[in-house]
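Asks: After the structure tokens below, expect a handful of questions from me.
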Amino acid sequence: MRPKPRSISITSGKGGTGKTTLAANLGVALSAMGKKVTILDADLTMANLALVMGIDQIKASLLDVIKGRAKLSEALRESHGVRLLPAGFRFEDAHEALVGVDRKKVRQVIQDLLSSSDFILIDAPAGLQETTILSMAAAKEMLLVCNPTYTSIVDGYKVLRFAGLMGCWARGVVVNRVERKSEVPPEEIEEFLSRAYEGIHVLTEIPEDRKVQEAELHGMPFVVYDPDCKASEAIYKLAEIIVGKADPPQLQQSSLTETSERLIRVLTGKL
């Protein structure tokens, strides 16, 4: 029996974490493992996913398909074994955008999309916009992307709180753009964020890697540009965790620093 398709919202608390780049490269890595992957580009404020995937022109969107202006096959664009589908509307405007649309048509389009995918990755907007919250509600799982800085982690803390309220399973945290002298170690990130979502794990750390920037200049995912670079190795490690071939790393428990304790007091109101 074919496994049920999984929907994962890839979210961050602030812009600039590398969320979209991670979504594209994780999709390619899952595809390389034999999985059928569709990425729904819900980040309409930036809409950089097509650029990262090396797609020049988007001719139709999910909204066009639902409205009957295009076929699903016309809206889906394939690149590096992954299908990309732009939403064509902001999630918070979905009700207005879909006024007058036959619900049977919407159900059929979604069923067609699910029946041809093992994974649907939703590239959600950064922050706690209404669009982000609804993107989490539309997915069964969530990956939080953050950088190893206090500001990024605090923003991620807020997103995790909402994930719990939305009933979305926070699969784990991906710490992106990690350098040798990063501000916050993974053990401390895990300990701090567990205050917002109990049992949350840091699934992998993606190092700062010049190959990532080089790949962007060439208009392709870095796992394609250089499959053996450190960042690519981290992405494939994450893909193995997502499909269940590997377990999350077991980090040593750490005592929180004074700075983290101060942040927790502010966020919980216990000054």
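Every chain in the structure tokens has a letter given in the order shown (A, B, ...), and although residue numbers restart at 1 in each chain, ligands are simply numbered from 1 in the order shown.
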If you count only C-alpha atoms, which residues fall within 7 Å of region 8-12 of chain A, apart from same-chain ones fewer than 6 positions away, as a PyMOL selection string?
Replies: chain A and resi 19+23+120-127+135-136+139-146+156
Asks: The selected residues should be written to file as a CSV table (one decimal), in the first residue's frame (atoms: C-alpha atoms).
Replies:
chain,number,residue,atom,x,y,z
A,19,LYS,CA,14.2,29.1,4.6
A,23,ALA,CA,13.0,24.1,1.1
A,120,ILE,CA,4.3,18.4,-0.2
A,121,LEU,CA,6.6,21.1,1.1
A,122,ILE,CA,5.0,24.5,1.8
A,123,ASP,CA,7.4,27.4,1.7
A,124,ALA,CA,5.7,29.6,4.2
A,125,PRO,CA,6.3,33.4,4.6
A,126,ALA,CA,8.6,34.4,7.4
A,127,GLY,CA,7.4,35.7,10.7
A,135,SER,CA,0.3,27.7,6.2
A,136,MET,CA,1.0,25.8,9.4
A,139,ALA,CA,0.2,21.2,7.0
A,140,LYS,CA,0.5,18.2,9.3
A,141,GLU,CA,4.1,18.9,10.1
A,142,MET,CA,6.4,21.9,10.4
A,143,LEU,CA,10.1,22.5,10.2
A,144,LEU,CA,11.4,25.6,11.9
A,145,VAL,CA,14.4,27.2,10.3
A,146,CYS,CA,16.5,29.6,12.4
A,156,GLY,CA,11.4,31.0,16.3
Asks: Could you write out, as a ChimeraX atom specification, all the residues of region 2-228 of chain A that DSSP marks as strand (DSSP E or B)?
Replies: /A:6-12,37-41,77-79,82-86,119-123,141-146,169-178,202-207
Asks: Just write the chosen residues, N, CA and C atoms, as a short mmCIF file (atom, residue, chain, number, x, y, z; two decimals), in the first residue's frame.
Replies:
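Just written: out_36.cif:
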data_model
loop_
_atom_site.label_atom_id
_atom_site.label_comp_id
_atom_site.auth_asym_id
_atom_site.auth_seq_id
_atom_site.Cartn_x
_atom_site.Cartn_y
_atom_site.Cartn_z
N ARG A 6 2.78 13.28 2.80
CA ARG A 6 3.04 14.11 3.97
C ARG A 6 3.17 15.57 3.56
N SER A 7 2.52 16.44 4.32
CA SER A 7 2.62 17.88 4.06
C SER A 7 3.43 18.52 5.18
N ILE A 8 4.46 19.26 4.80
CA ILE A 8 5.37 19.87 5.78
C ILE A 8 5.49 21.36 5.48
N SER A 9 5.16 22.20 6.47
CA SER A 9 5.34 23.64 6.34
C SER A 9 6.75 24.00 6.79
N ILE A 10 7.49 24.68 5.93
CA ILE A 10 8.85 25.11 6.27
C ILE A 10 8.78 26.59 6.62
N THR A 11 9.04 26.88 7.89
CA THR A 11 8.71 28.18 8.46
C THR A 11 9.90 28.76 9.20
N SER A 12 9.93 30.07 9.31
CA SER A 12 10.95 30.75 10.12
C SER A 12 10.31 31.93 10.82
N VAL A 37 8.15 14.76 -4.95
CA VAL A 37 8.08 15.97 -4.13
C VAL A 37 7.45 17.12 -4.90
N THR A 38 6.50 17.80 -4.25
CA THR A 38 5.92 19.03 -4.78
C THR A 38 6.14 20.13 -3.75
N ILE A 39 6.63 21.29 -4.20
CA ILE A 39 6.80 22.43 -3.30
C ILE A 39 5.77 23.48 -3.65
N LEU A 40 4.96 23.85 -2.67
CA LEU A 40 3.96 24.90 -2.84
C LEU A 40 4.57 26.20 -2.36
N ASP A 41 4.73 27.16 -3.27
CA ASP A 41 5.34 28.44 -2.93
C ASP A 41 4.26 29.37 -2.39
N ARG A 77 5.62 23.18 -12.49
CA ARG A 77 6.89 23.30 -13.20
C ARG A 77 7.90 22.38 -12.54
N GLU A 78 8.58 21.57 -13.33
CA GLU A 78 9.54 20.62 -12.77
C GLU A 78 10.96 21.09 -12.97
N SER A 79 11.75 20.93 -11.93
CA SER A 79 13.17 21.28 -11.99
C SER A 79 13.94 20.38 -11.03
N VAL A 82 11.96 17.92 -8.96
CA VAL A 82 10.98 18.43 -8.01
C VAL A 82 9.96 19.29 -8.75
N ARG A 83 8.69 19.18 -8.36
CA ARG A 83 7.65 19.99 -8.97
C ARG A 83 7.40 21.23 -8.10
N LEU A 84 7.27 22.37 -8.74
CA LEU A 84 6.99 23.63 -8.06
C LEU A 84 5.61 24.12 -8.45
N LEU A 85 4.82 24.54 -7.45
CA LEU A 85 3.48 25.05 -7.70
C LEU A 85 3.27 26.35 -6.93
N PRO A 86 3.20 27.50 -7.63
CA PRO A 86 2.90 28.75 -6.93
C PRO A 86 1.44 28.80 -6.52
N PHE A 119 5.62 13.87 -0.80
CA PHE A 119 5.83 14.99 0.11
C PHE A 119 5.35 16.28 -0.56
N ILE A 120 4.59 17.08 0.19
CA ILE A 120 4.28 18.43 -0.24
C ILE A 120 4.93 19.37 0.77
N LEU A 121 5.91 20.12 0.31
CA LEU A 121 6.61 21.09 1.15
C LEU A 121 5.98 22.46 0.90
N ILE A 122 5.56 23.14 1.97
CA ILE A 122 4.97 24.47 1.84
C ILE A 122 6.00 25.50 2.29
N ASP A 123 6.46 26.30 1.34
CA ASP A 123 7.41 27.37 1.66
C ASP A 123 6.60 28.55 2.20
N GLU A 141 2.83 18.76 9.47
CA GLU A 141 4.13 18.87 10.12
C GLU A 141 4.74 20.23 9.83
N MET A 142 5.71 20.61 10.66
CA MET A 142 6.40 21.87 10.45
C MET A 142 7.89 21.71 10.74
N LEU A 143 8.71 22.34 9.91
CA LEU A 143 10.14 22.47 10.18
C LEU A 143 10.42 23.93 10.46
N LEU A 144 11.02 24.22 11.59
CA LEU A 144 11.41 25.59 11.92
C LEU A 144 12.85 25.83 11.50
N VAL A 145 13.07 26.87 10.72
CA VAL A 145 14.42 27.23 10.29
C VAL A 145 14.85 28.48 11.05
N CYS A 146 16.00 28.41 11.69
CA CYS A 146 16.52 29.59 12.38
C CYS A 146 18.03 29.67 12.21
N TRP A 169 2.39 19.52 14.10
CA TRP A 169 3.52 18.84 14.74
C TRP A 169 4.82 19.50 14.31
N ALA A 170 5.50 20.10 15.26
CA ALA A 170 6.81 20.69 14.99
C ALA A 170 7.82 19.55 14.93
N ARG A 171 8.17 19.16 13.70
CA ARG A 171 9.05 18.00 13.49
C ARG A 171 10.43 18.25 14.06
N GLY A 172 10.87 19.50 14.05
CA GLY A 172 12.17 19.82 14.59
C GLY A 172 12.69 21.14 14.07
N VAL A 173 13.92 21.45 14.47
CA VAL A 173 14.55 22.72 14.14
C VAL A 173 15.76 22.47 13.24
N VAL A 174 15.89 23.29 12.21
CA VAL A 174 17.07 23.27 11.36
C VAL A 174 17.82 24.58 11.62
N VAL A 175 19.05 24.46 12.09
CA VAL A 175 19.86 25.66 12.36
C VAL A 175 20.71 25.91 11.12
N ASN A 176 20.47 27.03 10.47
CA ASN A 176 21.10 27.33 9.19
C ASN A 176 22.19 28.39 9.33
N ARG A 177 23.16 28.32 8.43
CA ARG A 177 24.25 29.29 8.36
C ARG A 177 25.09 29.31 9.64
N VAL A 178 25.52 28.12 10.03
CA VAL A 178 26.29 27.95 11.25
C VAL A 178 27.77 28.15 10.96
N VAL A 202 16.83 19.76 17.65
CA VAL A 202 17.61 20.30 16.53
C VAL A 202 17.94 19.11 15.64
N LEU A 203 17.40 19.10 14.42
CA LEU A 203 17.58 17.95 13.53
C LEU A 203 18.92 17.97 12.83
N THR A 204 19.37 19.16 12.45
CA THR A 204 20.67 19.27 11.79
C THR A 204 21.13 20.72 11.81
N GLU A 205 22.43 20.90 11.64
CA GLU A 205 23.02 22.22 11.49
C GLU A 205 23.59 22.31 10.08
N ILE A 206 23.23 23.36 9.36
CA ILE A 206 23.75 23.56 8.02
C ILE A 206 24.82 24.64 8.08
N PRO A 207 26.06 24.29 7.76
CA PRO A 207 27.15 25.26 7.92
C PRO A 207 27.11 26.36 6.87
#
Asks: Leaving out Gly81 (chain A) and any residue of its chain fewer than 6 positions from it, which residues lie within 12 Å of it when counting only C-alpha atoms, given as JSON, numbers by chain?
Replies: {"A": [24, 25, 26, 27, 28, 29, 30, 31, 32, 33, 34, 35, 36, 37, 38, 39, 53, 117, 221, 224]}
Asks: Can you tell me, as a ChimeraX atom specification, what residues are no more than 12 Å from His218 (chain A) when counting only C-alpha atoms, ignoring any on the same chain fewer than 5 positions away?
Replies: /A:51-55,211-213,224-226
Asks: Quote the spacing between CA of Asn147 (chain A) and CA of Gly18 (chain A) in Å to one decimal place.
Replies: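 CA of Asn147 (chain A) sits 8.6 Å away from CA of Gly18 (chain A).
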Asks: CA of Thr20 (chain A) and CA of Ser232 (chain A) are how many Å apart?
Replies: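 Here the two named atoms are 14.9 Å from each other.
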Asks: Hey, what does DSSP flag as helix (DSSP H, G or I) within region 17-260 of chain A? Can you give it to me as a PyMOL selection string?
Replies: chain A and resi 19-32+49-52+62-66+72-75+91-97+103-115+130-138+150-166+186-193+210-217+222-225+230-243+258-260
Asks: Just how far from CA of Ala196 (chain A) is CA of Tyr157 (chain A), in Å to one decimal?
Replies: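 It comes out at 5.9 Å.
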Asks: Which one is closest to Ala50 (chain A): A:Ile110, A:Met220, A:Ala70, A:Leu160? Count only C-alpha atoms.
Replies: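 For Ala50 (chain A), the nearest of the given residues is A:Met220.
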